[in-house]
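Visitor: protein.txt (compact mmCIF, C-alpha atoms and all ligand atoms) pasted underneath:
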# COMPACT_ATOMS: atom_id res chain seq x y z
CA MET D 1 -20.49 35.54 13.84
CA GLN D 2 -22.99 32.87 14.82
CA HIS D 3 -21.68 29.92 16.81
CA PRO D 4 -19.80 27.77 14.32
CA LYS D 5 -21.32 24.39 13.52
CA PRO D 6 -19.62 21.36 15.04
CA GLU D 7 -18.29 20.41 11.58
CA GLN D 8 -16.71 23.83 11.26
CA LEU D 9 -15.05 23.46 14.62
CA THR D 10 -13.63 20.12 13.52
CA ASP D 11 -12.38 21.64 10.27
CA TYR D 12 -10.91 24.52 12.24
CA PHE D 13 -9.15 22.04 14.50
CA TYR D 14 -7.62 20.29 11.47
CA ALA D 15 -6.71 23.66 9.91
CA ALA D 16 -8.91 22.81 6.95
CA LEU D 17 -10.94 26.01 6.75
CA ALA D 18 -10.43 28.74 4.18
CA PRO D 19 -8.44 31.67 5.63
CA GLU D 20 -11.45 33.97 6.16
CA ALA D 21 -13.54 31.27 7.84
CA ASP D 22 -10.56 30.26 9.92
CA ALA D 23 -10.06 33.82 11.12
CA ALA D 24 -13.76 34.17 11.95
CA VAL D 25 -13.82 30.98 14.06
CA HIS D 26 -10.60 32.03 15.75
CA ALA D 27 -12.11 35.37 16.74
CA HIS D 28 -15.33 33.72 17.89
CA LEU D 29 -13.56 31.22 20.14
CA ALA D 30 -11.83 34.05 21.95
CA GLN D 31 -15.14 35.44 23.10
CA CYS D 32 -17.50 32.46 23.39
CA ALA D 33 -16.94 30.15 26.34
CA SER D 34 -19.25 27.36 25.16
CA CYS D 35 -17.61 27.15 21.72
CA ALA D 36 -14.18 27.28 23.35
CA THR D 37 -15.19 24.29 25.48
CA ALA D 38 -16.43 22.43 22.41
CA TYR D 39 -13.15 23.16 20.69
CA ASP D 40 -11.18 21.84 23.66
CA ASP D 41 -13.24 18.70 23.41
CA GLU D 42 -12.22 18.26 19.78
CA ALA D 43 -8.59 18.66 20.77
CA ALA D 44 -9.00 16.22 23.66
CA LEU D 45 -10.43 13.57 21.38
CA SER D 46 -7.42 13.84 19.10
CA SER D 47 -4.88 13.83 21.88
CA MET D 48 -6.60 10.78 23.33
CA LEU D 49 -6.16 8.99 20.00
CA ARG D 50 -2.52 10.00 19.74
CA ARG D 51 -1.84 8.86 23.26
CA PHE D 52 -3.49 5.57 22.50
CA ALA D 53 -1.32 5.26 19.40
CA ASN D 54 1.85 5.92 21.38
CA ASP D 55 0.89 3.52 24.13
CA SER D 56 0.01 0.74 21.73
CA GLU D 57 2.95 1.18 19.36
CA ARG D 58 4.50 -2.07 18.22
CA GLU D 59 7.83 -3.11 16.80
CA LEU D 60 7.85 -4.61 13.34
CA PRO D 61 7.99 -8.39 13.86
CA ARG D 62 11.11 -9.97 12.38
CA SER D 63 8.89 -12.63 10.81
CA VAL D 64 7.32 -10.00 8.53
CA VAL D 65 10.70 -8.95 7.14
CA ASP D 66 11.86 -12.54 6.74
CA GLY D 67 8.57 -13.42 5.09
CA VAL D 68 8.97 -10.69 2.47
CA TRP D 69 12.45 -11.85 1.43
CA GLU D 70 11.46 -15.48 1.54
CA ARG D 71 8.53 -14.94 -0.77
CA LEU D 72 10.59 -12.93 -3.21
CA ALA D 73 13.31 -15.57 -3.23
CA ASN D 74 10.75 -18.26 -3.98
CA GLU D 75 9.07 -16.50 -6.84
CA ARG D 76 12.20 -15.24 -8.59
CA PRO D 77 13.29 -18.43 -10.38
CA LYS D 78 9.73 -19.03 -11.60
CA ALA D 79 9.47 -15.50 -12.95
CA ARG D 80 12.75 -15.87 -14.83
CA MET D 81 11.77 -19.18 -16.35
CA ALA D 82 8.39 -17.79 -17.39
CA ALA D 83 10.10 -14.82 -19.03
CA PHE D 84 12.52 -17.04 -20.89
CA LEU D 85 9.85 -19.46 -22.12
CA GLY D 86 7.63 -16.57 -23.08
CA ALA D 87 10.38 -15.20 -25.31
CA VAL D 88 11.30 -18.54 -26.88
CA MET D 89 7.70 -19.44 -27.63
CA ARG D 90 6.99 -16.22 -29.45
CA PRO D 91 6.01 -17.01 -33.09
CA PHE D 92 8.66 -14.83 -34.68
CA VAL D 93 11.31 -16.85 -32.93
CA ALA D 94 9.78 -20.30 -32.76
CA ILE D 95 8.48 -20.55 -36.34
CA PRO D 96 11.74 -19.68 -38.16
CA ALA D 97 13.60 -21.97 -35.81
CA ALA D 98 11.26 -24.87 -36.57
CA ILE D 99 11.43 -24.22 -40.32
CA ALA D 100 15.20 -24.09 -40.22
CA ILE D 101 15.36 -27.40 -38.40
CA VAL D 102 12.99 -29.12 -40.85
CA LEU D 103 14.77 -27.75 -43.93
CA ALA D 104 18.13 -28.73 -42.57
CA ALA D 105 16.96 -32.24 -41.77
CA VAL D 106 15.52 -32.71 -45.29
CA PHE D 107 18.11 -31.05 -47.52
CA ILE D 108 21.47 -31.47 -45.91
CA PRO D 109 21.63 -35.27 -46.21
CA GLN D 110 20.34 -35.06 -49.88
CA TYR D 111 22.88 -32.38 -50.73
CA ALA D 112 25.65 -34.39 -49.19
CA ALA D 113 24.60 -37.53 -51.05
CA GLN D 114 24.27 -35.80 -54.50
CA ARG D 115 27.68 -34.19 -54.36
CA ASP D 116 29.15 -37.35 -52.99
CA LEU D 117 30.99 -35.28 -50.49
CA PRO D 118 32.76 -36.81 -47.60
CA SER D 119 30.20 -37.74 -45.04
CA ILE D 120 29.61 -35.05 -42.45
CA ASP D 121 27.57 -35.62 -39.38
CA ALA D 122 24.23 -33.94 -40.16
CA SER D 123 23.50 -33.41 -36.50
CA TYR D 124 26.29 -30.85 -36.45
CA TYR D 125 24.36 -28.71 -38.97
CA LEU D 126 21.10 -29.30 -37.22
CA GLN D 127 22.49 -27.99 -33.99
CA ASP D 128 24.14 -25.08 -35.70
CA HIS D 129 20.98 -24.02 -37.55
CA ALA D 130 18.83 -24.33 -34.53
CA ALA D 131 21.27 -22.36 -32.45
CA MET D 132 21.54 -19.62 -35.08
CA ALA D 133 17.79 -19.31 -35.42
CA ALA D 134 17.38 -19.15 -31.70
CA THR D 135 20.09 -16.67 -30.92
CA VAL D 136 20.15 -14.25 -33.82
CA PRO D 137 16.85 -12.55 -32.98
CA PHE D 138 18.20 -11.80 -29.51
CA GLY D 139 21.45 -10.33 -30.79
CA VAL D 140 23.64 -11.36 -27.91
CA ARG D 141 24.19 -14.65 -26.19
CA SER D 142 23.17 -14.30 -22.63
CA SER D 143 21.05 -16.10 -20.14
CA VAL D 144 18.56 -13.26 -20.41
CA PRO D 145 17.13 -12.84 -23.91
CA ALA D 146 18.11 -9.42 -25.18
CA ALA D 147 14.56 -8.84 -26.40
CA LEU D 148 13.45 -8.80 -22.78
CA VAL D 149 15.96 -6.31 -21.55
CA SER D 150 14.72 -2.78 -21.65
CA ASN D 151 17.01 -0.61 -23.70
CA ASN D 152 16.14 2.52 -21.81
CA ASP D 153 19.34 4.34 -21.09
CA ASP D 154 18.24 5.19 -17.63
CA ASP D 155 18.30 1.56 -16.66
CA ASN D 156 22.02 2.02 -16.40
CA ALA D 157 21.74 5.37 -14.74
CA PRO D 158 22.92 5.75 -11.17
CA ALA D 159 20.41 5.06 -8.44
CA THR D 160 17.84 7.81 -8.16
CA PHE D 161 15.54 6.23 -5.68
CA ALA D 162 16.45 8.13 -2.57
CA ILE D 163 13.55 7.88 -0.20
CA ALA D 164 12.58 11.22 1.19
CA ASN D 165 12.59 11.25 4.93
CA ASP D 166 9.09 12.46 5.41
CA GLU D 167 7.80 11.30 8.71
CA PRO D 168 4.45 12.99 8.89
CA MET O 169 11.96 6.59 -16.61
CA GLY O 170 9.50 4.10 -18.01
CA PRO O 171 7.82 1.39 -16.01
CA ARG O 172 9.74 -1.86 -15.96
CA LYS O 173 8.40 -5.08 -17.27
CA ALA O 174 7.15 -7.38 -14.56
CA THR O 175 9.29 -10.15 -15.99
CA GLU O 176 12.50 -8.22 -15.77
CA PRO O 177 14.99 -9.88 -13.48
CA PRO O 178 15.47 -8.20 -10.12
CA THR O 179 18.47 -5.99 -9.66
CA ALA O 180 20.64 -5.24 -6.68
CA GLU O 181 19.28 -1.72 -6.86
CA GLN O 182 15.73 -2.97 -6.48
CA ALA O 183 16.64 -5.15 -3.51
CA ALA O 184 18.47 -2.24 -1.90
CA PHE O 185 15.39 -0.08 -2.38
CA LEU O 186 13.23 -2.64 -0.61
CA GLU O 187 15.73 -3.09 2.17
CA ARG O 188 15.84 0.61 2.89
CA ALA O 189 12.08 0.95 2.63
CA ILE O 190 11.58 -1.78 5.24
CA GLU O 191 14.25 -0.35 7.47
CA GLN O 192 12.88 3.19 7.43
CA TYR O 193 9.15 2.60 7.09
CA GLY O 194 8.53 -0.97 8.20
CA LYS O 195 7.56 -0.13 11.75
CA ALA O 196 5.27 2.76 10.81
CA THR O 197 3.62 0.64 8.13
CA TYR O 198 3.09 -2.23 10.53
CA ASN O 199 1.55 0.08 13.13
CA PHE O 200 -0.70 1.64 10.53
CA ALA O 201 -1.79 -1.83 9.40
CA TYR O 202 -2.32 -2.89 13.00
CA ARG O 203 -4.59 0.07 13.70
CA LEU O 204 -6.54 -0.52 10.51
CA THR O 205 -7.08 -4.22 11.13
CA GLY O 206 -7.07 -4.27 14.92
CA ASN O 207 -5.12 -7.53 15.11
CA GLU O 208 -1.52 -8.61 14.71
CA ALA O 209 -2.00 -11.53 12.34
CA ASP O 210 -3.79 -9.42 9.74
CA ALA O 211 -1.35 -6.57 10.28
CA ARG O 212 1.58 -8.91 9.57
CA ASP O 213 0.00 -10.20 6.37
CA LEU O 214 -0.93 -6.72 5.22
CA THR O 215 2.53 -5.32 5.90
CA GLN O 216 4.24 -8.19 4.14
CA GLU O 217 2.03 -7.89 1.08
CA ALA O 218 2.52 -4.13 1.01
CA PHE O 219 6.30 -4.45 0.86
CA ILE O 220 6.04 -7.09 -1.86
CA ARG O 221 4.05 -4.51 -3.86
CA VAL O 222 6.64 -1.87 -3.10
CA TYR O 223 9.32 -4.18 -4.45
CA ARG O 224 7.43 -4.95 -7.64
CA ALA O 225 6.40 -1.37 -8.28
CA TRP O 226 9.53 0.30 -7.02
CA ARG O 227 10.08 2.12 -10.30
CA SER O 228 6.75 3.86 -10.01
CA PHE O 229 7.75 5.56 -6.77
CA VAL O 230 8.55 9.18 -7.59
CA PRO O 231 11.66 10.32 -5.74
CA GLY O 232 11.04 13.37 -3.63
CA THR O 233 7.41 12.45 -2.90
CA SER O 234 6.27 11.00 0.39
CA PHE O 235 7.08 7.33 0.64
CA THR O 236 4.82 7.04 3.70
CA SER O 237 1.81 8.30 1.76
CA TRP O 238 2.60 5.84 -1.00
CA ILE O 239 2.84 2.79 1.20
CA TYR O 240 -0.16 3.83 3.29
CA ARG O 241 -2.10 4.02 0.07
CA ILE O 242 -0.95 0.51 -0.82
CA VAL O 243 -1.93 -0.75 2.64
CA THR O 244 -5.31 0.98 2.44
CA ASN O 245 -6.06 -0.59 -0.93
CA LEU O 246 -4.94 -4.04 0.16
CA HIS O 247 -7.07 -3.79 3.27
CA ARG O 248 -10.10 -2.78 1.23
CA ASP O 249 -9.54 -5.68 -1.18
CA GLU O 250 -9.20 -8.08 1.71
CA LEU O 251 -12.44 -6.90 3.29
CA ARG O 252 -14.22 -7.35 -0.03
CA ARG O 253 -12.75 -10.78 -0.48
CA ARG O 254 -13.85 -11.87 2.96
CA LYS O 255 -17.35 -10.61 2.43
CA GLY O 256 -17.40 -12.59 -0.80
CA ARG O 257 -20.51 -12.36 -2.86
CA PHE O 258 -22.36 -10.67 -0.05
CA TYR O 259 -20.17 -7.66 -0.48
CA GLU O 260 -21.90 -4.66 -1.90
CA GLU O 261 -20.22 -1.71 -0.34
CA ILE O 262 -18.06 -1.34 2.70
CA PRO O 263 -20.29 0.36 5.25
CA GLU O 264 -19.71 3.97 4.48
CA ASP O 265 -20.92 6.25 7.21
CA ASN O 266 -23.57 4.04 8.66
CA ALA O 267 -23.76 2.49 12.07
CA PRO O 268 -20.59 1.04 13.52
CA GLN O 269 -19.98 -2.65 12.92
CA ASP O 270 -20.09 -3.94 16.39
CA PHE O 271 -21.82 -1.55 18.65
CA GLY O 272 -25.40 -2.64 19.08
CA GLY O 273 -28.50 -0.57 19.25
CA ASN O 274 -29.66 2.84 18.24
CA LYS O 275 -30.15 4.21 21.70
CA PRO O 276 -28.39 7.52 22.11
CA LEU O 277 -25.51 7.59 24.53
CA ALA O 278 -25.12 10.29 27.09
CA VAL O 279 -22.29 12.62 26.21
CA GLU O 280 -19.86 13.70 28.87
CA PRO O 281 -16.84 15.91 28.31
CA ILE O 282 -13.84 13.95 27.14
CA ASP O 283 -11.58 15.60 29.70
CA GLU O 284 -13.32 13.66 32.43
CA TYR O 285 -12.16 10.30 31.20
CA VAL O 286 -9.11 11.16 29.16
CA GLU O 287 -6.86 10.66 32.19
CA ARG O 288 -8.16 7.20 32.93
CA GLN O 289 -6.82 3.99 31.50
CA LEU O 290 -7.86 4.34 27.91
CA SER O 291 -6.12 1.83 25.73
CA GLU O 292 -8.82 -0.76 25.87
CA PRO O 293 -11.85 1.51 25.41
CA VAL O 294 -10.15 3.38 22.57
CA ALA O 295 -9.07 0.16 20.90
CA LYS O 296 -12.61 -1.19 21.15
CA ALA O 297 -14.11 2.06 19.94
CA LEU O 298 -11.78 2.18 16.93
CA ALA O 299 -12.58 -1.44 16.16
CA ALA O 300 -16.29 -0.67 16.26
CA LEU O 301 -16.05 2.06 13.62
CA SER O 302 -16.72 1.17 10.00
CA PRO O 303 -13.45 0.50 8.10
CA ASP O 304 -13.79 3.73 6.14
CA GLN O 305 -14.31 5.78 9.28
CA ARG O 306 -11.43 4.07 11.04
CA GLN O 307 -9.11 4.84 8.12
CA VAL O 308 -9.77 8.56 8.16
CA VAL O 309 -9.51 8.84 11.93
CA ILE O 310 -6.16 7.03 11.95
CA LEU O 311 -4.85 9.13 9.09
CA ALA O 312 -6.11 12.44 10.50
CA ASP O 313 -5.40 12.05 14.19
CA ILE O 314 -2.67 9.48 14.58
CA GLU O 315 -0.76 10.08 11.35
CA GLU O 316 -1.70 13.78 11.24
CA TYR O 317 -2.37 14.04 7.53
CA SER O 318 -4.35 16.89 5.99
CA TYR O 319 -7.74 16.34 4.35
CA GLN O 320 -6.06 16.64 0.96
CA GLU O 321 -3.45 14.04 1.79
CA ILE O 322 -6.04 11.68 3.23
CA ALA O 323 -8.15 12.04 0.08
CA GLU O 324 -5.12 11.02 -1.99
CA ILE O 325 -4.27 8.05 0.21
CA VAL O 326 -7.81 6.74 0.50
CA GLY O 327 -8.77 7.63 -3.06
CA CYS O 328 -11.84 9.76 -2.42
CA SER O 329 -12.82 13.42 -2.47
CA ILE O 330 -11.95 15.93 0.22
CA GLY O 331 -15.68 16.32 0.90
CA THR O 332 -15.93 12.61 1.61
CA VAL O 333 -12.94 12.77 3.94
CA ARG O 334 -14.56 15.64 5.79
CA SER O 335 -17.94 13.96 6.24
CA ARG O 336 -16.42 10.61 7.20
CA LEU O 337 -14.20 12.28 9.74
CA HIS O 338 -17.05 14.22 11.33
CA ARG O 339 -19.21 11.15 11.67
CA ALA O 340 -16.33 9.03 12.84
CA ARG O 341 -15.48 11.51 15.58
CA THR O 342 -19.08 11.71 16.71
CA GLN O 343 -19.22 7.91 16.87
CA LEU O 344 -15.89 7.69 18.63
CA ARG O 345 -16.95 10.00 21.41
CA LYS O 346 -20.00 7.92 22.14
CA LEU O 347 -18.18 4.62 21.83
CA VAL O 348 -15.22 5.56 24.01
CA GLN O 349 -17.55 6.76 26.72
CA ALA O 350 -19.67 3.64 26.52
CA TYR O 351 -16.66 1.31 26.64
CA SER O 352 -15.05 3.32 29.44
CA ARG O 353 -18.09 2.75 31.60
CA SER O 354 -18.44 -0.92 30.86
ZN ZN B 1 -19.98 30.23 20.24
Give the structure from the file, written as structure tokens.

Guide:
Amino acid sequence: MQHPKPEQLTDYFYAALAPEADAAVHAHLAQCASCATAYDDEAALSSMLRRFANDSERELPRSVVDGVWERLANERPKARMAAFLGAVMRPFVAIPAAIAIVLAAVFIPQYAAQRDLPSIDASYYLQDHAAMAATVPFGVRSSVPAALVSNNDDDNAPATFAIANDEP
Amino acid sequence: MGPRKATEPPTAEQAAFLERAIEQYGKATYNFAYRLTGNEADARDLTQEAFIRVYRAWRSFVPGTSFTSWIYRIVTNLHRDELRRRKGRFYEEIPEDNAPQDFGGNKPLAVEPIDEYVERQLSEPVAKALAALSPDQRQVVILADIEEYSYQEIAEIVGCSIGTVRSRLHRARTQLRKLVQAYSRS
């Protein structure tokens, strides 16, 4: 073959040539001193870079690790509050709740007065209505609205996040 | 396994994932970031931000695939965004395969065989030469030579075609030879 182009030599060095081209360059290098020298130069450039990398290797500063956890700790409460408010302010929750409160405030005292029933503290009903309207859409009483919790089964599945040990 | 909502509260599992990721890959990630940026302050910021992303997106990591490739891709993207941000409205395109950032002049440099200076004290000239490459060239050189990734893997990490990896690498290596020699003499 002709002398390979410099790009081909680089590709050969990185084992990025197709098998036939790779074999041709391999055969050529065995019999061409100038191309063999050029190839050695490619290899020397890479080994120089690797040596530089080894010599200049650094430990991970503790401040980076601490900074990651610190930032996550700071943003967590905000994220939870935003999620909760986002759920409560959704129209399908907020509107029925508001209507229930207004209706309760208007009709319960009238109803009580008409029937001349023993006086019952209306605020008890107000609280109960509001609480029902707020909690029923979520299904369960918990600090995290059920509507926000993914119901994917695999959320409860055992951990499957093993990190492959794949040092290149 | 569907993606989680961003608002979902963190779990112990998620924290354990992050902890193990930092433990196993923190140093490599920091070194990669250091070589990309060329300075410790930026490398610290980049590494920290990368692990925050890992934490948030932990569900999108596919078990059995290379975690290193994944986090290097995150670091590469963050670095690119940061360069764009710093260039502000003057940013058009990160210098692709054009002249190095820092190394003045168009005058050709004499080429001598690398063997002749490879034994000398090299850290400083190599560091300077790497710093003088364009960011895109520096990325592919680091990934190909220091991290020893294939063209295909580099293309996936950087987000470009294999042909682009190949041409960037060739030009980067040509530049590097000249730059290392020039800085070794000075
Ligand atoms: Zn030849």

Visitor: When the cut-off is 7 Å and you count only C-alpha atoms and all ligand atoms, which residues lie near ligand ZN 1 (chain B), shown as a ChimeraX atom specification?

Guide: /D:2-4,28-29,32-35

Visitor: Ranking D:Arg71, D:Arg50, D:Lys5, D:Arg62 by minimum distance to chain O and counting only C-alpha atoms, which one comes first?

Guide: D:Arg50

Visitor: Go through O:Pro303, O:Gly206, O:Gly327, O:Gly194 and flag the residue nearest chain D, using all atoms listed in the file for the distances.

Guide: O:Gly194

Visitor: Once 8 Å is added on each side, what centre and edge lengths in Å to one decimal does the axis-aligned box around all listed atoms of segment 36-52 of chain D have, as JSON?

Guide:
{"center_x": -9.1, "center_y": 16.4, "center_z": 22.3, "size_x": 30.6, "size_y": 37.7, "size_z": 22.4}

Visitor: Quick one: everything within 9 Å of Tyr39 of chain D, counting all atoms listed in the file, minus sequence neighbours fewer than 5 positions away in the same chain. Send it as a list in words.

Guide: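 So the residues in contact are Pro6, Leu9, Thr10, Tyr12, Phe13, Leu29, Ser34 and Ala44 of chain D.
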
Visitor: Would you pick out the contacts of Tyr202 of chain O at 10 Å or less, using all atoms listed in the file, so that residues sharing its chain but fewer than 6 positions from it are not included, and give the list as a ChimeraX atom specification?

Guide: /D:56-58 /O:196,208-212,214-215

Visitor: Just the number, please: distance in Å from atom CA of Arg306 of chain O to atom CA of Phe235 of chain O, one decimal.

Guide: 21.5 Å

Visitor: Have a look at atom CA of Ala180 of chain O and atom CA of Arg227 of chain O and let me know their distance in Å, one decimal.

Guide: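 The value is 13.4 Å.
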
Visitor: Taking only C-alpha atoms into account, which of O:Ser291, O:Ser228, O:Ser329, O:Thr205 comes nearest chain D?

Guide: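 Selected residue with least distance to chain D: O:Ser291.
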
Visitor: Can you list, as a tab-separated table (two decimals) with C-alpha atoms, keeping the file's coordinate frame, every protein, DNA or RNA residue that comes within 9 Å of Leu298 of chain O when you count all atoms listed in the file, leaving out same-chain residues fewer than 6 positions away?

Guide:
chain	number	residue	atom	x	y	z
O	203	ARG	CA	-4.59	0.07	13.70
O	204	LEU	CA	-6.54	-0.52	10.51
O	206	GLY	CA	-7.07	-4.27	14.92
O	305	GLN	CA	-14.31	5.78	9.28
O	306	ARG	CA	-11.43	4.07	11.04
O	309	VAL	CA	-9.51	8.84	11.93
O	310	ILE	CA	-6.16	7.03	11.95
O	344	LEU	CA	-15.89	7.69	18.63
O	347	LEU	CA	-18.18	4.62	21.83
O	348	VAL	CA	-15.22	5.56	24.01

Visitor: How many Å separate atom CA of Arg51 of chain D from atom CA of Ala18 of chain D?

Guide: 28.9 Å

Visitor: Counting all atoms listed in the file, I want the residues whose atoms come within 10 Å of (-2.0, 9.9, 23.9) in the file frame, returned as a list in words.

Guide: Ala44, Leu45, Ser46, Ser47, Met48, Leu49, Arg50, Arg51, Phe52, Ala53, Asn54, Asp55 and Ser56 of chain D; Val286, Glu287, Leu290, Ser291 and Ile314 of chain O

Visitor: Can you work out which one of D:Ala43, D:Ala23, D:Ala36, D:Ala105 has the shortest atom-to-atom distance to chain O, counting all atoms listed in the file?

Guide: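 Distance minimum relative to chain O lands on D:Ala43.
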
Visitor: Using all atoms listed in the file, find the one residue out of D:Thr37, D:Ile99, D:His26, D:Glu59 that sits nearest to chain O.

Guide: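 Ranking D:Thr37, D:Ile99, D:His26, D:Glu59 by distance to chain O, first place goes to D:Glu59.
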